[in-house]
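Asks: Questions regarding the structure given below will be posed in turn.
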Amino acid sequence: MSRAEQKEKRRAQILDAGLGLFLRKGFAATKVQDIADAVGMSVGLLFNYFESKEKLYEELVRIGVSGPQSVMPATDAEPLEYFEAVAEGLLHAIRSQPFTAKMFAFVNQAVRNEGASETVRGLLSQIDTITQCIPLIKAGQANKTIRAGNPYALSIAFWSAIVGIAEMIALEPAAPCPEAEWVVDILRAKPQ
């Protein structure tokens, strides 16, 4: 393994350790020493990778913000089919990739972090999957595949279920992951 590959591997370990600690303890309670201890390095060496705890947190938010954008592409698919594909893809990733589960939970926590830097708040303002889904829900209601009801509330229910599952799996990896169909049933119109 080349020196550059070793450095990138170490950086990934720091990101993963920081993610786990921020998720369990929160930003304020996580100390730089905690992160350094988790990866078996000195604080000084850690600062060669990230100049501060804030910069590490910002990098994790940057990674987390890119996630929803990759699962929310523009689509011409029927709305309910779109939500089925999103739920299936996300829950598969949450089940099979612990980092994904942790990242979903972390970003949700970061959104509520009132002490977040302006940079972090700016990054987080780029994602609003709940609002972005309202037109799709309205289209699904128009074609009778999505249940009647407030589209904003339905979007909140769908995304809260996804985030809640991610948080549960992130904190309790042995917990069973619900089926995507169950989450989509939040939106699905009942047969007449």
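Labels for the structure tokens follow display order: chains A, B, ..., residues from 1 in each chain, ligands from 1.
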Which residues of range 16-107 of chain A sit at most 9 Å from range 113-127 of chain A, using only C-alpha atoms? Give each one's shortest atom pair and distance in Å (one decimal place), in chain and ascending residue order, as CSV.

Replies:
residue,atom,partner,partner_atom,distance
A:Gly26,CA,A:Asn113,CA,8.7
A:Phe27,CA,A:Asn113,CA,8.1
A:Ala28,CA,A:Gly115,CA,8.5
A:Glu54,CA,A:Ser117,CA,8.0
A:Tyr57,CA,A:Val120,CA,8.2
A:Glu58,CA,A:Val120,CA,5.8
A:Val61,CA,A:Val120,CA,6.8
A:Arg62,CA,A:Leu123,CA,6.6
A:Gly64,CA,A:Leu124,CA,8.9
A:Val65,CA,A:Ile127,CA,6.5
A:Ser66,CA,A:Ile127,CA,8.7
A:Pro68,CA,A:Ile127,CA,7.2
A:Gln69,CA,A:Ile127,CA,7.5
A:Val107,CA,A:Leu124,CA,8.1

Asks: Could you dump the residues just selected with N, CA and C atoms as an mmCIF file, in the first residue's frame?

Replies:
data_model
loop_
_atom_site.group_PDB
_atom_site.id
_atom_site.type_symbol
_atom_site.label_atom_id
_atom_site.label_comp_id
_atom_site.auth_asym_id
_atom_site.auth_seq_id
_atom_site.Cartn_x
_atom_site.Cartn_y
_atom_site.Cartn_z
ATOM 1 N N GLY A 26 -22.862 13.489 20.618
ATOM 2 C CA GLY A 26 -23.149 14.846 20.164
ATOM 3 C C GLY A 26 -21.857 15.602 19.938
ATOM 4 N N PHE A 27 -21.967 16.701 19.227
ATOM 5 C CA PHE A 27 -20.782 17.486 18.888
ATOM 6 C C PHE A 27 -20.113 18.056 20.135
ATOM 7 N N ALA A 28 -20.895 18.701 20.998
ATOM 8 C CA ALA A 28 -20.325 19.402 22.154
ATOM 9 C C ALA A 28 -19.618 18.452 23.115
ATOM 10 N N GLU A 54 -14.087 20.955 14.613
ATOM 11 C CA GLU A 54 -15.073 21.618 13.767
ATOM 12 C C GLU A 54 -14.879 21.261 12.296
ATOM 13 N N TYR A 57 -16.075 17.741 11.712
ATOM 14 C CA TYR A 57 -17.541 17.773 11.700
ATOM 15 C C TYR A 57 -18.052 18.315 10.364
ATOM 16 N N GLU A 58 -17.453 19.406 9.896
ATOM 17 C CA GLU A 58 -17.842 19.987 8.606
ATOM 18 C C GLU A 58 -17.665 18.990 7.469
ATOM 19 N N VAL A 61 -20.438 16.509 7.568
ATOM 20 C CA VAL A 61 -21.674 17.113 7.060
ATOM 21 C C VAL A 61 -21.615 17.199 5.535
ATOM 22 N N ARG A 62 -20.462 17.563 4.988
ATOM 23 C CA ARG A 62 -20.295 17.632 3.530
ATOM 24 C C ARG A 62 -20.598 16.267 2.895
ATOM 25 N N GLY A 64 -22.372 13.874 4.257
ATOM 26 C CA GLY A 64 -23.776 13.576 4.507
ATOM 27 C C GLY A 64 -24.727 14.319 3.593
ATOM 28 N N VAL A 65 -24.392 15.542 3.259
ATOM 29 C CA VAL A 65 -25.237 16.346 2.373
ATOM 30 C C VAL A 65 -25.242 15.757 0.967
ATOM 31 N N SER A 66 -24.146 15.174 0.549
ATOM 32 C CA SER A 66 -24.082 14.597 -0.795
ATOM 33 C C SER A 66 -24.959 13.353 -0.920
ATOM 34 N N PRO A 68 -28.270 12.511 0.243
ATOM 35 C CA PRO A 68 -29.642 12.677 -0.237
ATOM 36 C C PRO A 68 -29.715 13.140 -1.683
ATOM 37 N N GLN A 69 -28.754 13.933 -2.108
ATOM 38 C CA GLN A 69 -28.787 14.407 -3.494
ATOM 39 C C GLN A 69 -28.638 13.235 -4.464
ATOM 40 N N VAL A 107 -26.687 13.315 10.097
ATOM 41 C CA VAL A 107 -27.177 14.514 9.411
ATOM 42 C C VAL A 107 -28.459 15.004 10.079
#

Asks: So that I can see what lies close to Thr145 in chain A, please list as a compact mmCIF listing (two decimals) with N, CA, C and O atoms, in the first residue's frame the residues with an atom at most 10 Å from it, counting only C-alpha atoms and leaving out residues fewer than 3 positions away in the same chain.

Replies:
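Here's the written file out_28.txt:
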# COMPACT_ATOMS: atom_id res chain seq x y z
N GLU A 78 -43.39 7.08 -12.22
CA GLU A 78 -44.64 7.25 -11.47
C GLU A 78 -44.24 7.50 -10.02
O GLU A 78 -43.34 6.85 -9.50
N PRO A 79 -44.88 8.46 -9.34
CA PRO A 79 -44.44 8.84 -7.99
C PRO A 79 -44.33 7.69 -6.99
O PRO A 79 -43.33 7.60 -6.28
N LEU A 80 -45.32 6.82 -6.92
CA LEU A 80 -45.23 5.74 -5.94
C LEU A 80 -44.07 4.80 -6.27
O LEU A 80 -43.35 4.36 -5.36
N GLU A 81 -43.83 4.55 -7.54
CA GLU A 81 -42.69 3.72 -7.94
C GLU A 81 -41.38 4.39 -7.55
O GLU A 81 -40.42 3.73 -7.15
N ILE A 137 -45.60 13.80 -4.32
CA ILE A 137 -46.75 13.29 -3.58
C ILE A 137 -48.04 13.83 -4.18
O ILE A 137 -49.01 13.08 -4.37
N ALA A 139 -48.53 14.67 -7.26
CA ALA A 139 -48.74 13.96 -8.53
C ALA A 139 -49.29 12.56 -8.27
O ALA A 139 -50.19 12.09 -8.99
N GLY A 140 -48.78 11.89 -7.25
CA GLY A 140 -49.28 10.57 -6.90
C GLY A 140 -50.71 10.61 -6.38
O GLY A 140 -51.49 9.69 -6.61
N GLN A 141 -51.05 11.69 -5.70
CA GLN A 141 -52.44 11.85 -5.24
C GLN A 141 -53.35 12.09 -6.44
O GLN A 141 -54.47 11.56 -6.49
N ALA A 142 -52.87 12.83 -7.41
CA ALA A 142 -53.68 13.10 -8.60
C ALA A 142 -53.95 11.83 -9.39
O ALA A 142 -55.04 11.65 -9.94
N ALA A 148 -54.75 10.24 0.04
CA ALA A 148 -55.16 11.62 0.26
C ALA A 148 -54.57 12.08 1.59
O ALA A 148 -54.30 11.28 2.48
N LEU A 187 -47.40 6.03 2.35
CA LEU A 187 -47.87 6.86 1.24
C LEU A 187 -48.92 6.19 0.37
O LEU A 187 -49.75 6.87 -0.25
N ARG A 188 -48.89 4.89 0.31
CA ARG A 188 -49.70 4.14 -0.65
C ARG A 188 -51.20 4.34 -0.43
O ARG A 188 -51.69 4.23 0.69
N ALA A 189 -51.90 4.61 -1.52
CA ALA A 189 -53.37 4.73 -1.45
C ALA A 189 -53.95 3.35 -1.17
O ALA A 189 -53.45 2.34 -1.68
N LYS A 190 -54.97 3.30 -0.37
CA LYS A 190 -55.64 2.04 -0.08
C LYS A 190 -56.51 1.66 -1.29
O LYS A 190 -57.15 2.52 -1.88
N PRO A 191 -56.53 0.37 -1.64
CA PRO A 191 -57.38 -0.04 -2.76
C PRO A 191 -58.85 0.28 -2.46
O PRO A 191 -59.31 0.13 -1.34

Asks: Do you know which residues are at most 12 Å from Ile169 in chain A counting only C-alpha atoms, after dropping those on the same chain fewer than 6 positions away, and could you put them as a list in words?

Replies: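 That gives Leu91, His92, Ala93, Ile94, Arg95, Ser96, Gln97, Pro98, Phe99, Thr100, Ala101, Lys102, Met103, Phe104, Ala105, Ile162, Val163, Ala175, Pro176, Cys177 and Pro178 of chain A.
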
Asks: For the residues in the current selection, export C-alpha atoms as a compact mmCIF listing (two decimals), in the first residue's frame.

Replies:
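Dumped to part_29.txt:
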# COMPACT_ATOMS: atom_id res chain seq x y z
CA LEU A 91 -32.92 0.59 3.34
CA HIS A 92 -30.59 -1.75 1.46
CA ALA A 93 -27.74 0.72 2.02
CA ILE A 94 -28.70 1.16 5.69
CA ARG A 95 -28.71 -2.64 6.19
CA SER A 96 -25.51 -3.35 4.29
CA GLN A 97 -23.38 -0.27 4.97
CA PRO A 98 -23.11 0.79 8.61
CA PHE A 99 -21.58 4.12 7.53
CA THR A 100 -24.77 4.97 5.61
CA ALA A 101 -27.00 4.29 8.61
CA LYS A 102 -24.75 6.37 10.84
CA MET A 103 -24.61 9.18 8.29
CA PHE A 104 -28.39 9.45 8.00
CA ALA A 105 -28.69 9.66 11.77
CA ILE A 162 -36.44 6.35 6.89
CA VAL A 163 -34.39 8.48 9.30
CA ALA A 175 -31.81 -4.69 15.14
CA PRO A 176 -33.91 -6.00 12.25
CA CYS A 177 -34.45 -3.57 9.40
CA PRO A 178 -38.08 -3.04 8.36

Asks: A:Asp37, A:Asp185, A:Asp16, A:Glu88: which is nearest Ile63 in chain A, counting only C-alpha atoms?

Replies: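 Closest to Ile63 in chain A, using only C-alpha atoms: A:Asp16.
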
Asks: What gap, in Å, lies between CA of Thr131 in chain A and CA of Trp182 in chain A?

Replies: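 CA of Trp182 in chain A lies at a distance of 21.6 Å from CA of Thr131 in chain A.
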
Asks: Rank A:Asn108, A:Gly164, A:Leu136, A:Ala36 by their smallest atom-to-atom distance to Tyr82 in chain A, using only C-alpha atoms, and report the top residue only.

Replies: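 Result for the nearest residue to Tyr82 in chain A: A:Leu136.
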
Asks: Counting only C-alpha atoms, which residue out of A:Ser2, A:Arg24, A:Pro135, A:Arg11 sits closest to Met41 in chain A?

Replies: A:Arg11

Asks: Between CA of Gly40 in chain A and CA of Lys7 in chain A, what distance in Å does the model show, to one decimal?

Replies: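 Computing the Euclidean distance for CA of Gly40 in chain A and CA of Lys7 in chain A yields 14.3 Å.
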
Asks: Within chain A, find each residue whose DSSP state, derived from the backbone, is helix (DSSP H, G or I), and express the selection as a ChimeraX atom specification.

Replies: /A:3-25,32-39,43-49,53-71,79-96,98-111,118-124,129-142,151-171,180-184

Asks: What lies within 9 Å of Ser155 in chain A using only C-alpha atoms, ignoring chain neighbours under 5 positions off, as a ChimeraX atom specification?

Replies: /A:129-134,137,150,160,187

Asks: For Gln109 in chain A, which residue out of A:Tyr49, A:Leu60, A:Val32, A:Gly44 is the nearest one, using only C-alpha atoms?

Replies: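 Checking each candidate against Gln109 in chain A, we get A:Leu60 as the closest.
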